[in-house]
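Structure file upload17.pdb (PDB, C-alpha atoms, pLDDT in the B column) follows.
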ATOM      1  CA  PRO A  71       3.505 183.932 -52.706  1.00 39.00           C
ATOM      2  CA  SER A  72       3.141 187.314 -54.097  1.00 39.00           C
ATOM      3  CA  PHE A  73       6.346 188.564 -55.616  1.00 39.00           C
ATOM      4  CA  ARG A  74       9.194 186.990 -57.514  1.00 42.00           C
ATOM      5  CA  MET A  75      12.285 188.141 -59.235  1.00 43.00           C
ATOM      6  CA  PRO A  76      15.279 186.961 -61.115  1.00 44.00           C
ATOM      7  CA  GLY A  77      16.342 185.273 -58.512  1.00 47.00           C
ATOM      8  CA  GLY A  78      13.478 188.799 -55.545  1.00 46.00           C
ATOM      9  CA  PRO A  79       9.410 190.483 -53.555  1.00 42.00           C
ATOM     10  CA  ALA A  80       4.295 191.488 -51.905  1.00 38.00           C
ATOM     11  CA  LEU A  81       3.164 188.253 -51.065  1.00 35.00           C
ATOM     12  CA  THR A  82      -0.280 188.643 -52.459  1.00 36.00           C
ATOM     13  CA  ARG A  83       1.331 186.205 -54.266  1.00 38.00           C
ATOM     14  CA  PRO A  84       4.773 187.655 -53.835  1.00 38.00           C
ATOM     15  CA  THR A  85       5.991 189.093 -57.005  1.00 39.00           C
ATOM     16  CA  LEU A  86       7.216 186.438 -59.247  1.00 40.00           C
ATOM     17  CA  SER A  87      10.643 187.761 -59.038  1.00 47.00           C
ATOM     18  CA  PHE A  88      12.375 184.988 -60.734  1.00 46.00           C
ATOM     19  CA  TYR A  89      15.566 185.756 -59.412  1.00 46.00           C
ATOM     20  CA  SER A  90      14.244 186.050 -55.948  1.00 44.00           C
ATOM     21  CA  VAL A  91      13.167 183.085 -54.298  1.00 41.00           C
ATOM     22  CA  VAL A  92      10.864 183.208 -52.180  1.00 37.00           C
ATOM     23  CA  SER A  93      10.661 181.143 -50.622  1.00 35.00           C
ATOM     24  CA  TYR A  94      10.901 182.086 -53.717  1.00 34.00           C
ATOM     25  CA  ALA A  95      13.225 179.858 -52.228  1.00 36.00           C
ATOM     26  CA  GLY A  96      11.968 177.252 -54.239  1.00 33.00           C
ATOM     27  CA  TRP A  97      14.243 179.690 -56.039  1.00 36.00           C
ATOM     28  CA  ARG A  98      15.985 177.105 -53.463  1.00 35.00           C
ATOM     29  CA  CYS A  99      13.001 176.442 -53.153  1.00 36.00           C
ATOM     30  CA  ALA A 100      10.532 178.517 -51.528  1.00 42.00           C
ATOM     31  CA  TYR A 101       9.885 181.227 -53.999  1.00 39.00           C
ATOM     32  CA  PRO A 102      12.598 183.119 -55.765  1.00 44.00           C
ATOM     33  CA  ALA A 103      12.881 186.577 -56.920  1.00 44.00           C
ATOM     34  CA  TYR A 104      12.774 186.573 -60.629  1.00 42.00           C
ATOM     35  CA  THR A 105      10.123 189.162 -60.580  1.00 37.00           C
ATOM     36  CA  PHE A 106       7.136 188.734 -62.765  1.00 34.00           C
ATOM     37  CA  SER A 107       4.484 190.150 -60.477  1.00 36.00           C
ATOM     38  CA  PRO A 108       2.107 192.913 -61.461  1.00 33.00           C
ATOM     39  CA  ILE A 109       4.172 195.297 -59.339  1.00 36.00           C
ATOM     40  CA  SER A 110       7.298 194.206 -61.116  1.00 40.00           C
ATOM     41  CA  ARG A 111       5.727 194.555 -64.499  1.00 36.00           C
ATOM     42  CA  PHE A 112       4.684 198.088 -63.617  1.00 34.00           C
ATOM     43  CA  VAL A 113       8.085 199.050 -62.306  1.00 39.00           C
ATOM     44  CA  GLY A 114       9.589 197.465 -65.378  1.00 41.00           C
ATOM     45  CA  ARG A 115       8.037 200.259 -67.396  1.00 41.00           C
ATOM     46  CA  VAL A 116       9.958 202.977 -65.569  1.00 42.00           C
ATOM     47  CA  SER A 117      11.493 205.596 -67.832  1.00 44.00           C
ATOM     48  CA  VAL A 118      15.102 205.625 -68.920  1.00 44.00           C
ATOM     49  CA  SER A 119      15.647 208.788 -66.895  1.00 45.00           C
ATOM     50  CA  ALA A 120      14.269 207.112 -63.773  1.00 47.00           C
ATOM     51  CA  THR A 121      16.561 204.144 -64.295  1.00 46.00           C
ATOM     52  CA  ARG A 122      19.547 206.433 -64.680  1.00 46.00           C
ATOM     53  CA  GLN A 123      18.553 208.289 -61.546  1.00 46.00           C
ATOM     54  CA  LEU A 124      18.353 204.985 -59.693  1.00 46.00           C
ATOM     55  CA  ARG A 125      21.850 204.019 -60.785  1.00 48.00           C
ATOM     56  CA  GLY A 126      23.142 207.326 -59.540  1.00 43.00           C
ATOM     57  CA  THR A 127      21.491 207.226 -56.119  1.00 44.00           C
ATOM     58  CA  MET A 128      21.628 203.592 -55.079  1.00 47.00           C
ATOM     59  CA  SER A 129      24.837 202.650 -53.320  1.00 57.00           C
ATOM     60  CA  SER A 130      25.975 199.076 -52.947  1.00 83.00           C
ATOM     61  CA  GLU A 131      24.448 197.283 -49.962  1.00 93.00           C
ATOM     62  CA  ILE A 132      26.281 194.248 -48.616  1.00 96.00           C
ATOM     63  CA  ILE A 133      25.371 191.918 -45.749  1.00 97.00           C
ATOM     64  CA  PRO A 134      28.401 189.922 -44.512  1.00 97.00           C
ATOM     65  CA  VAL A 135      27.617 186.280 -43.725  1.00 98.00           C
ATOM     66  CA  THR A 136      30.955 184.479 -43.251  1.00 97.00           C
ATOM     67  CA  GLN A 137      34.487 185.008 -44.505  1.00 96.00           C
ATOM     68  CA  GLU A 138      33.504 183.268 -47.740  1.00 97.00           C
ATOM     69  CA  ILE A 139      29.832 184.263 -48.061  1.00 98.00           C
ATOM     70  CA  GLU A 140      28.114 187.631 -48.444  1.00 98.00           C
ATOM     71  CA  LEU A 141      24.820 189.032 -49.682  1.00 98.00           C
ATOM     72  CA  ARG A 142      24.966 191.827 -52.262  1.00 97.00           C
ATOM     73  CA  ALA A 143      21.993 193.970 -53.198  1.00 96.00           C
ATOM     74  CA  VAL A 144      20.935 193.336 -56.779  1.00 95.00           C
ATOM     75  CA  GLU A 145      22.607 195.614 -59.325  1.00 95.00           C
ATOM     76  CA  GLU A 146      22.553 195.743 -63.108  1.00 95.00           C
ATOM     77  CA  ARG A 147      26.236 194.810 -63.325  1.00 96.00           C
ATOM     78  CA  TYR A 148      25.307 191.298 -62.120  1.00 96.00           C
ATOM     79  CA  THR A 149      22.810 190.703 -64.945  1.00 96.00           C
ATOM     80  CA  THR A 150      24.948 188.350 -67.039  1.00 97.00           C
ATOM     81  CA  ASP A 151      26.028 186.217 -64.078  1.00 97.00           C
ATOM     82  CA  LEU A 152      22.464 185.998 -62.770  1.00 96.00           C
ATOM     83  CA  HIS A 153      21.039 185.095 -66.159  1.00 96.00           C
ATOM     84  CA  ASN A 154      23.663 182.394 -66.695  1.00 96.00           C
ATOM     85  CA  LEU A 155      23.011 180.935 -63.244  1.00 96.00           C
ATOM     86  CA  VAL A 156      19.278 180.738 -63.878  1.00 94.00           C
ATOM     87  CA  ILE A 157      19.766 179.098 -67.280  1.00 95.00           C
ATOM     88  CA  LYS A 158      22.210 176.631 -65.734  1.00 95.00           C
ATOM     89  CA  ASN A 159      19.590 175.646 -63.119  1.00 95.00           C
ATOM     90  CA  LYS A 160      16.483 176.065 -65.264  1.00 93.00           C
ATOM     91  CA  THR A 161      15.595 172.372 -65.486  1.00 91.00           C
ATOM     92  CA  TRP A 162      15.330 171.834 -61.743  1.00 90.00           C
ATOM     93  CA  LEU A 163      13.966 175.334 -61.074  1.00 92.00           C
ATOM     94  CA  GLN A 164      10.985 174.495 -63.288  1.00 89.00           C
ATOM     95  CA  THR A 165      10.120 171.671 -60.903  1.00 87.00           C
ATOM     96  CA  ALA A 166       9.954 174.142 -58.016  1.00 87.00           C
ATOM     97  CA  PHE A 167       8.910 177.538 -59.392  1.00 86.00           C
ATOM     98  CA  ASP A 168       6.432 178.649 -61.963  1.00 86.00           C
ATOM     99  CA  TRP A 169       8.542 181.668 -62.971  1.00 85.00           C
ATOM    100  CA  ALA A 170      11.377 179.487 -64.246  1.00 86.00           C
ATOM    101  CA  GLN A 171       9.495 178.592 -67.426  1.00 84.00           C
ATOM    102  CA  HIS A 172       9.247 182.283 -68.319  1.00 85.00           C
ATOM    103  CA  VAL A 173      12.971 183.017 -68.263  1.00 86.00           C
ATOM    104  CA  GLY A 174      13.939 184.312 -71.690  1.00 88.00           C
ATOM    105  CA  THR A 175      16.835 186.378 -72.978  1.00 92.00           C
ATOM    106  CA  GLU A 176      19.549 188.171 -71.057  1.00 94.00           C
ATOM    107  CA  GLU A 177      17.837 191.444 -71.925  1.00 93.00           C
ATOM    108  CA  ASP A 178      14.681 190.159 -70.200  1.00 90.00           C
ATOM    109  CA  THR A 179      16.788 189.453 -67.150  1.00 92.00           C
ATOM    110  CA  ARG A 180      18.280 192.944 -67.323  1.00 94.00           C
ATOM    111  CA  ARG A 181      14.834 194.534 -67.255  1.00 91.00           C
ATOM    112  CA  ASN A 182      13.909 192.273 -64.357  1.00 91.00           C
ATOM    113  CA  VAL A 183      17.012 193.348 -62.480  1.00 94.00           C
ATOM    114  CA  GLN A 184      16.215 197.017 -63.106  1.00 94.00           C
ATOM    115  CA  SER A 185      12.688 196.503 -61.766  1.00 93.00           C
ATOM    116  CA  ASN A 186      14.002 194.752 -58.680  1.00 93.00           C
ATOM    117  CA  GLN A 187      16.536 197.514 -58.092  1.00 93.00           C
ATOM    118  CA  MET A 188      13.705 200.033 -58.050  1.00 94.00           C
ATOM    119  CA  LEU A 189      11.639 197.910 -55.662  1.00 93.00           C
ATOM    120  CA  HIS A 190      14.702 197.405 -53.458  1.00 93.00           C
ATOM    121  CA  GLN A 191      15.432 201.129 -53.281  1.00 91.00           C
ATOM    122  CA  ARG A 192      11.834 202.053 -52.503  1.00 92.00           C
ATOM    123  CA  GLY A 193      11.493 199.365 -49.826  1.00 91.00           C
ATOM    124  CA  TYR A 194       8.659 197.422 -51.449  1.00 92.00           C
ATOM    125  CA  ALA A 195      10.893 194.365 -51.645  1.00 95.00           C
ATOM    126  CA  LYS A 196      14.548 193.490 -51.167  1.00 96.00           C
ATOM    127  CA  MET A 197      16.611 191.306 -53.480  1.00 96.00           C
ATOM    128  CA  PHE A 198      20.054 190.089 -52.550  1.00 97.00           C
ATOM    129  CA  LEU A 199      22.425 187.873 -54.493  1.00 98.00           C
ATOM    130  CA  ILE A 200      24.336 185.203 -52.589  1.00 98.00           C
ATOM    131  CA  PHE A 201      28.061 185.221 -53.315  1.00 98.00           C
ATOM    132  CA  MET A 202      30.532 182.597 -52.161  1.00 98.00           C
ATOM    133  CA  ASN A 203      34.209 183.345 -52.744  1.00 97.00           C
ATOM    134  CA  ASP A 204      33.100 186.077 -55.156  1.00 97.00           C
ATOM    135  CA  GLU A 205      30.980 183.637 -57.210  1.00 97.00           C
ATOM    136  CA  LEU A 206      27.225 184.144 -57.594  1.00 98.00           C
ATOM    137  CA  VAL A 207      25.470 181.031 -56.250  1.00 98.00           C
ATOM    138  CA  GLY A 208      21.908 182.029 -55.471  1.00 97.00           C
ATOM    139  CA  VAL A 209      19.249 184.540 -54.475  1.00 97.00           C
ATOM    140  CA  LEU A 210      17.702 185.558 -51.152  1.00 97.00           C
ATOM    141  CA  SER A 211      14.990 188.176 -50.969  1.00 96.00           C
ATOM    142  CA  PHE A 212      11.973 189.768 -49.408  1.00 97.00           C
ATOM    143  CA  ASN A 213       9.461 189.252 -52.138  1.00 94.00           C
ATOM    144  CA  ALA A 214       7.148 191.541 -50.235  1.00 95.00           C
ATOM    145  CA  ILE A 215       7.416 193.799 -47.215  1.00 96.00           C
ATOM    146  CA  GLU A 216       4.654 195.110 -44.944  1.00 96.00           C
ATOM    147  CA  PRO A 217       6.279 198.132 -43.229  1.00 95.00           C
ATOM    148  CA  ALA A 218       3.363 198.837 -40.867  1.00 96.00           C
ATOM    149  CA  ASN A 219       3.402 195.241 -39.620  1.00 97.00           C
ATOM    150  CA  LYS A 220       7.200 194.972 -39.784  1.00 97.00           C
ATOM    151  CA  ALA A 221       6.748 191.743 -41.746  1.00 98.00           C
ATOM    152  CA  GLY A 222       8.811 190.393 -44.623  1.00 98.00           C
ATOM    153  CA  TYR A 223       8.039 187.501 -46.971  1.00 98.00           C
ATOM    154  CA  ILE A 224      11.179 185.568 -47.845  1.00 97.00           C
ATOM    155  CA  GLY A 225      12.115 183.952 -51.123  1.00 95.00           C
ATOM    156  CA  TYR A 226      15.281 182.039 -52.037  1.00 95.00           C
ATOM    157  CA  TRP A 227      16.959 179.573 -54.344  1.00 95.00           C
ATOM    158  CA  LEU A 228      20.451 178.190 -54.600  1.00 96.00           C
ATOM    159  CA  ASP A 229      22.587 176.795 -57.396  1.00 96.00           C
ATOM    160  CA  LYS A 230      22.154 173.026 -57.371  1.00 95.00           C
ATOM    161  CA  ALA A 231      25.920 172.425 -57.220  1.00 96.00           C
ATOM    162  CA  HIS A 232      26.145 174.433 -53.984  1.00 97.00           C
ATOM    163  CA  GLN A 233      23.219 172.889 -52.134  1.00 94.00           C
ATOM    164  CA  GLY A 234      23.714 170.777 -49.028  1.00 93.00           C
ATOM    165  CA  GLN A 235      26.615 172.886 -47.715  1.00 95.00           C
ATOM    166  CA  GLY A 236      24.699 175.100 -45.278  1.00 95.00           C
ATOM    167  CA  ILE A 237      25.144 178.185 -47.463  1.00 97.00           C
ATOM    168  CA  LEU A 238      21.480 179.140 -47.552  1.00 97.00           C
ATOM    169  CA  SER A 239      20.935 178.676 -43.811  1.00 97.00           C
ATOM    170  CA  GLN A 240      23.941 180.819 -42.963  1.00 98.00           C
ATOM    171  CA  ALA A 241      22.801 183.498 -45.406  1.00 98.00           C
ATOM    172  CA  LEU A 242      19.254 183.408 -44.031  1.00 98.00           C
ATOM    173  CA  GLN A 243      20.430 183.839 -40.432  1.00 98.00           C
ATOM    174  CA  ALA A 244      22.589 186.840 -41.370  1.00 98.00           C
ATOM    175  CA  PHE A 245      19.743 188.285 -43.450  1.00 98.00           C
ATOM    176  CA  MET A 246      17.259 188.121 -40.568  1.00 98.00           C
ATOM    177  CA  ARG A 247      19.768 189.459 -38.044  1.00 97.00           C
ATOM    178  CA  TYR A 248      20.514 192.420 -40.319  1.00 97.00           C
ATOM    179  CA  TYR A 249      16.870 193.513 -40.533  1.00 97.00           C
ATOM    180  CA  VAL A 250      16.100 192.859 -36.864  1.00 97.00           C
ATOM    181  CA  GLU A 251      19.074 194.977 -35.781  1.00 96.00           C
ATOM    182  CA  ARG A 252      17.846 197.792 -38.038  1.00 96.00           C
ATOM    183  CA  GLY A 253      14.425 197.544 -36.370  1.00 96.00           C
ATOM    184  CA  GLU A 254      12.682 197.131 -39.732  1.00 96.00           C
ATOM    185  CA  ILE A 255      11.384 193.544 -39.644  1.00 97.00           C
ATOM    186  CA  ARG A 256      10.207 191.425 -36.730  1.00 98.00           C
ATOM    187  CA  ARG A 257       8.047 188.823 -38.488  1.00 98.00           C
ATOM    188  CA  PHE A 258       9.754 186.738 -41.157  1.00 98.00           C
ATOM    189  CA  VAL A 259       7.535 184.560 -43.327  1.00 98.00           C
ATOM    190  CA  ILE A 260       8.321 181.673 -45.660  1.00 98.00           C
ATOM    191  CA  LYS A 261       5.744 180.096 -47.930  1.00 96.00           C
ATOM    192  CA  CYS A 262       6.645 176.884 -49.721  1.00 94.00           C
ATOM    193  CA  ARG A 263       4.843 174.046 -51.398  1.00 94.00           C
ATOM    194  CA  VAL A 264       4.227 171.043 -49.149  1.00 96.00           C
ATOM    195  CA  ALA A 265       5.946 168.844 -51.742  1.00 93.00           C
ATOM    196  CA  ASN A 266       9.050 171.042 -51.764  1.00 92.00           C
ATOM    197  CA  HIS A 267      10.897 169.124 -49.067  1.00 93.00           C
ATOM    198  CA  ASN A 268      14.162 171.034 -49.391  1.00 91.00           C
ATOM    199  CA  SER A 269      12.461 174.372 -48.920  1.00 93.00           C
ATOM    200  CA  ASN A 270      10.483 173.099 -45.932  1.00 95.00           C
ATOM    201  CA  ARG A 271      13.693 171.876 -44.323  1.00 95.00           C
ATOM    202  CA  VAL A 272      15.283 175.317 -44.716  1.00 95.00           C
ATOM    203  CA  ALA A 273      12.418 176.838 -42.720  1.00 97.00           C
ATOM    204  CA  GLN A 274      12.447 174.114 -40.078  1.00 97.00           C
ATOM    205  CA  ARG A 275      16.222 174.212 -39.562  1.00 96.00           C
ATOM    206  CA  ASN A 276      16.210 177.957 -39.095  1.00 97.00           C
ATOM    207  CA  GLY A 277      13.678 178.235 -36.297  1.00 97.00           C
ATOM    208  CA  PHE A 278      10.516 178.909 -38.295  1.00 98.00           C
ATOM    209  CA  ALA A 279       7.243 177.614 -36.849  1.00 98.00           C
ATOM    210  CA  LEU A 280       4.604 176.060 -39.089  1.00 98.00           C
ATOM    211  CA  GLU A 281       1.506 178.246 -38.765  1.00 98.00           C
ATOM    212  CA  GLY A 282      -0.735 176.444 -41.202  1.00 97.00           C
ATOM    213  CA  CYS A 283      -1.284 174.953 -44.625  1.00 98.00           C
ATOM    214  CA  LEU A 284      -2.931 176.854 -47.463  1.00 97.00           C
ATOM    215  CA  ARG A 285      -4.912 174.402 -49.564  1.00 97.00           C
ATOM    216  CA  GLU A 286      -4.309 174.400 -53.320  1.00 96.00           C
ATOM    217  CA  ALA A 287      -2.771 177.869 -53.017  1.00 95.00           C
ATOM    218  CA  GLU A 288      -0.149 177.767 -55.742  1.00 91.00           C
ATOM    219  CA  MET A 289      -0.194 176.743 -59.386  1.00 91.00           C
ATOM    220  CA  LEU A 290       2.809 174.838 -60.721  1.00 90.00           C
ATOM    221  CA  ASN A 291       3.031 172.892 -63.961  1.00 88.00           C
ATOM    222  CA  GLY A 292      -0.719 172.742 -64.476  1.00 89.00           C
ATOM    223  CA  ARG A 293      -1.838 171.804 -60.983  1.00 92.00           C
ATOM    224  CA  PHE A 294      -2.669 173.567 -57.724  1.00 96.00           C
ATOM    225  CA  ASP A 295      -0.466 172.577 -54.791  1.00 95.00           C
ATOM    226  CA  ASP A 296      -0.870 172.990 -51.043  1.00 97.00           C
ATOM    227  CA  VAL A 297       1.471 175.541 -49.489  1.00 97.00           C
ATOM    228  CA  ASN A 298       2.925 175.556 -45.972  1.00 97.00           C
ATOM    229  CA  LEU A 299       3.118 178.877 -44.145  1.00 98.00           C
ATOM    230  CA  TYR A 300       6.050 179.306 -41.743  1.00 98.00           C
ATOM    231  CA  ALA A 301       6.983 182.302 -39.610  1.00 98.00           C
ATOM    232  CA  ARG A 302       9.655 183.358 -37.144  1.00 98.00           C
ATOM    233  CA  LEU A 303       9.189 186.271 -34.743  1.00 98.00           C
ATOM    234  CA  PHE A 304      11.842 188.479 -33.156  1.00 97.00           C
ATOM    235  CA  PRO A 305      11.444 191.125 -30.447  1.00 92.00           C
ATOM    236  CA  LEU A 306      12.566 194.592 -31.532  1.00 82.00           C
TER     237      LEU A 306
END

Serialized structure, structure tokens:
Amino acid sequence: PSFRMPGGPALTRPTLSFYSVVSYAGWRCAYPAYTFSPISRFVGRVSVSATRQLRGTMSSEIIPVTQEIELRAVEERYTTDLHNLVIKNKTWLQTAFDWAQHVGTEEDTRRNVQSNQMLHQRGYAKMFLIFMNDELVGVLSFNAIEPANKAGYIGYWLDKAHQGQGILSQALQAFMRYYVERGEIRRFVIKCRVANHNSNRVAQRNGFALEGCLREAEMLNGRFDDVNLYARLFPL
């Protein structure tokens, strides 16, 4: 992957947006969006005035999924809830994502959120938080976007207590539909470790075709793992 966030996004190894997932879904399990990528680190150094300007210009973006589920664009007001969710799931997240071991204080998460907000607004990546009955339960993101190719690299992860209920699949379908209808993305890509069975199943259940396997493409816990590359195409 290329970008990750606290719980979202350019797959030259998608930014390690720890709160993203992408597939940072391994934040569920592909690769999440807790962003630690070089892009994220750079954006993280934006000035206070730029951050204030962002807060004043970025309106809330919501993607409805079901009556109970919706995707909300990352915002600083969700920092505490996001940080607590990551800490709650840190043990299992460390078995799926490298970024999980770097999660520190709530202030670190706040800076990560601010960086992801900037990336979201500028269209370099998109980070959404998954809410069910107004409770934050996970992250779904584009860890990287290629506008010219209309391609987006997906990352995601879900609170362990809410897995196995179809929440992620429903959110993913609504997410893809939203960007196809806007004419912005036609090629959706998920990268996940071969050993990450849950993340692979998410791709397979949602119509993604396996395009190949990248050998020893991702480092996790001291070893290089093979990574499956999935994609789903839509006509615009």

Determine the nearest neighbour of Glu145 of chain A from the options A:Ala244, A:Leu238, A:Met188, A:Val259, counting all atoms listed in the file.
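The closest residue to Glu145 of chain A is A:Met188.
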
Using the file's own x, y and z axes, what box holds all listed atoms of segment 255-260 of chain A with 4 Å on each side, keeping edges along x, y and z, and what are its centre and edge lengths in Å to one decimal, as lines of an AutoDock Vina configuration file?
center_x = 9.5
center_y = 187.6
center_z = -41.2
size_x = 11.8
size_y = 19.9
size_z = 16.9

Name the closest residue to Phe294 of chain A among the candidates A:Ile224, A:Asp168, A:Met246, A:Ala195; distances are taken between atoms, counting all atoms listed in the file.
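Looking at the shortest contact to Phe294 of chain A, the residue is A:Asp168.
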
Please indicate the distance in Å from atom CA of Lys160 of chain A to atom CA of Leu206 of chain A, rounded to one decimal place.
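Rounded to one decimal, the two atoms are 15.5 Å apart.
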
Let me know the residues the PyMOL selection byres ((chain A and resi 208) around 6) catches in the file above, as an MDAnalysis selection string.
chainID A and resid 199:200 207 209 227:229

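Excluding Asn276 of chain A and any residue on its chain fewer than 5 positions from it, the residues at most 9 Å away by all atoms listed in the file are A:Ser239, A:Leu242, A:Gln243, A:Arg271, A:Arg302.
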
So what do you get for atom CA of Arg263 of chain A versus atom CA of Arg181 of chain A, distance-wise?
27.8 Å

What separation in Å, quoted to one decimal, exists between atom CA of Gln233 of chain A and atom CA of Phe198 of chain A?
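Distance between the two atoms: 17.5 Å.
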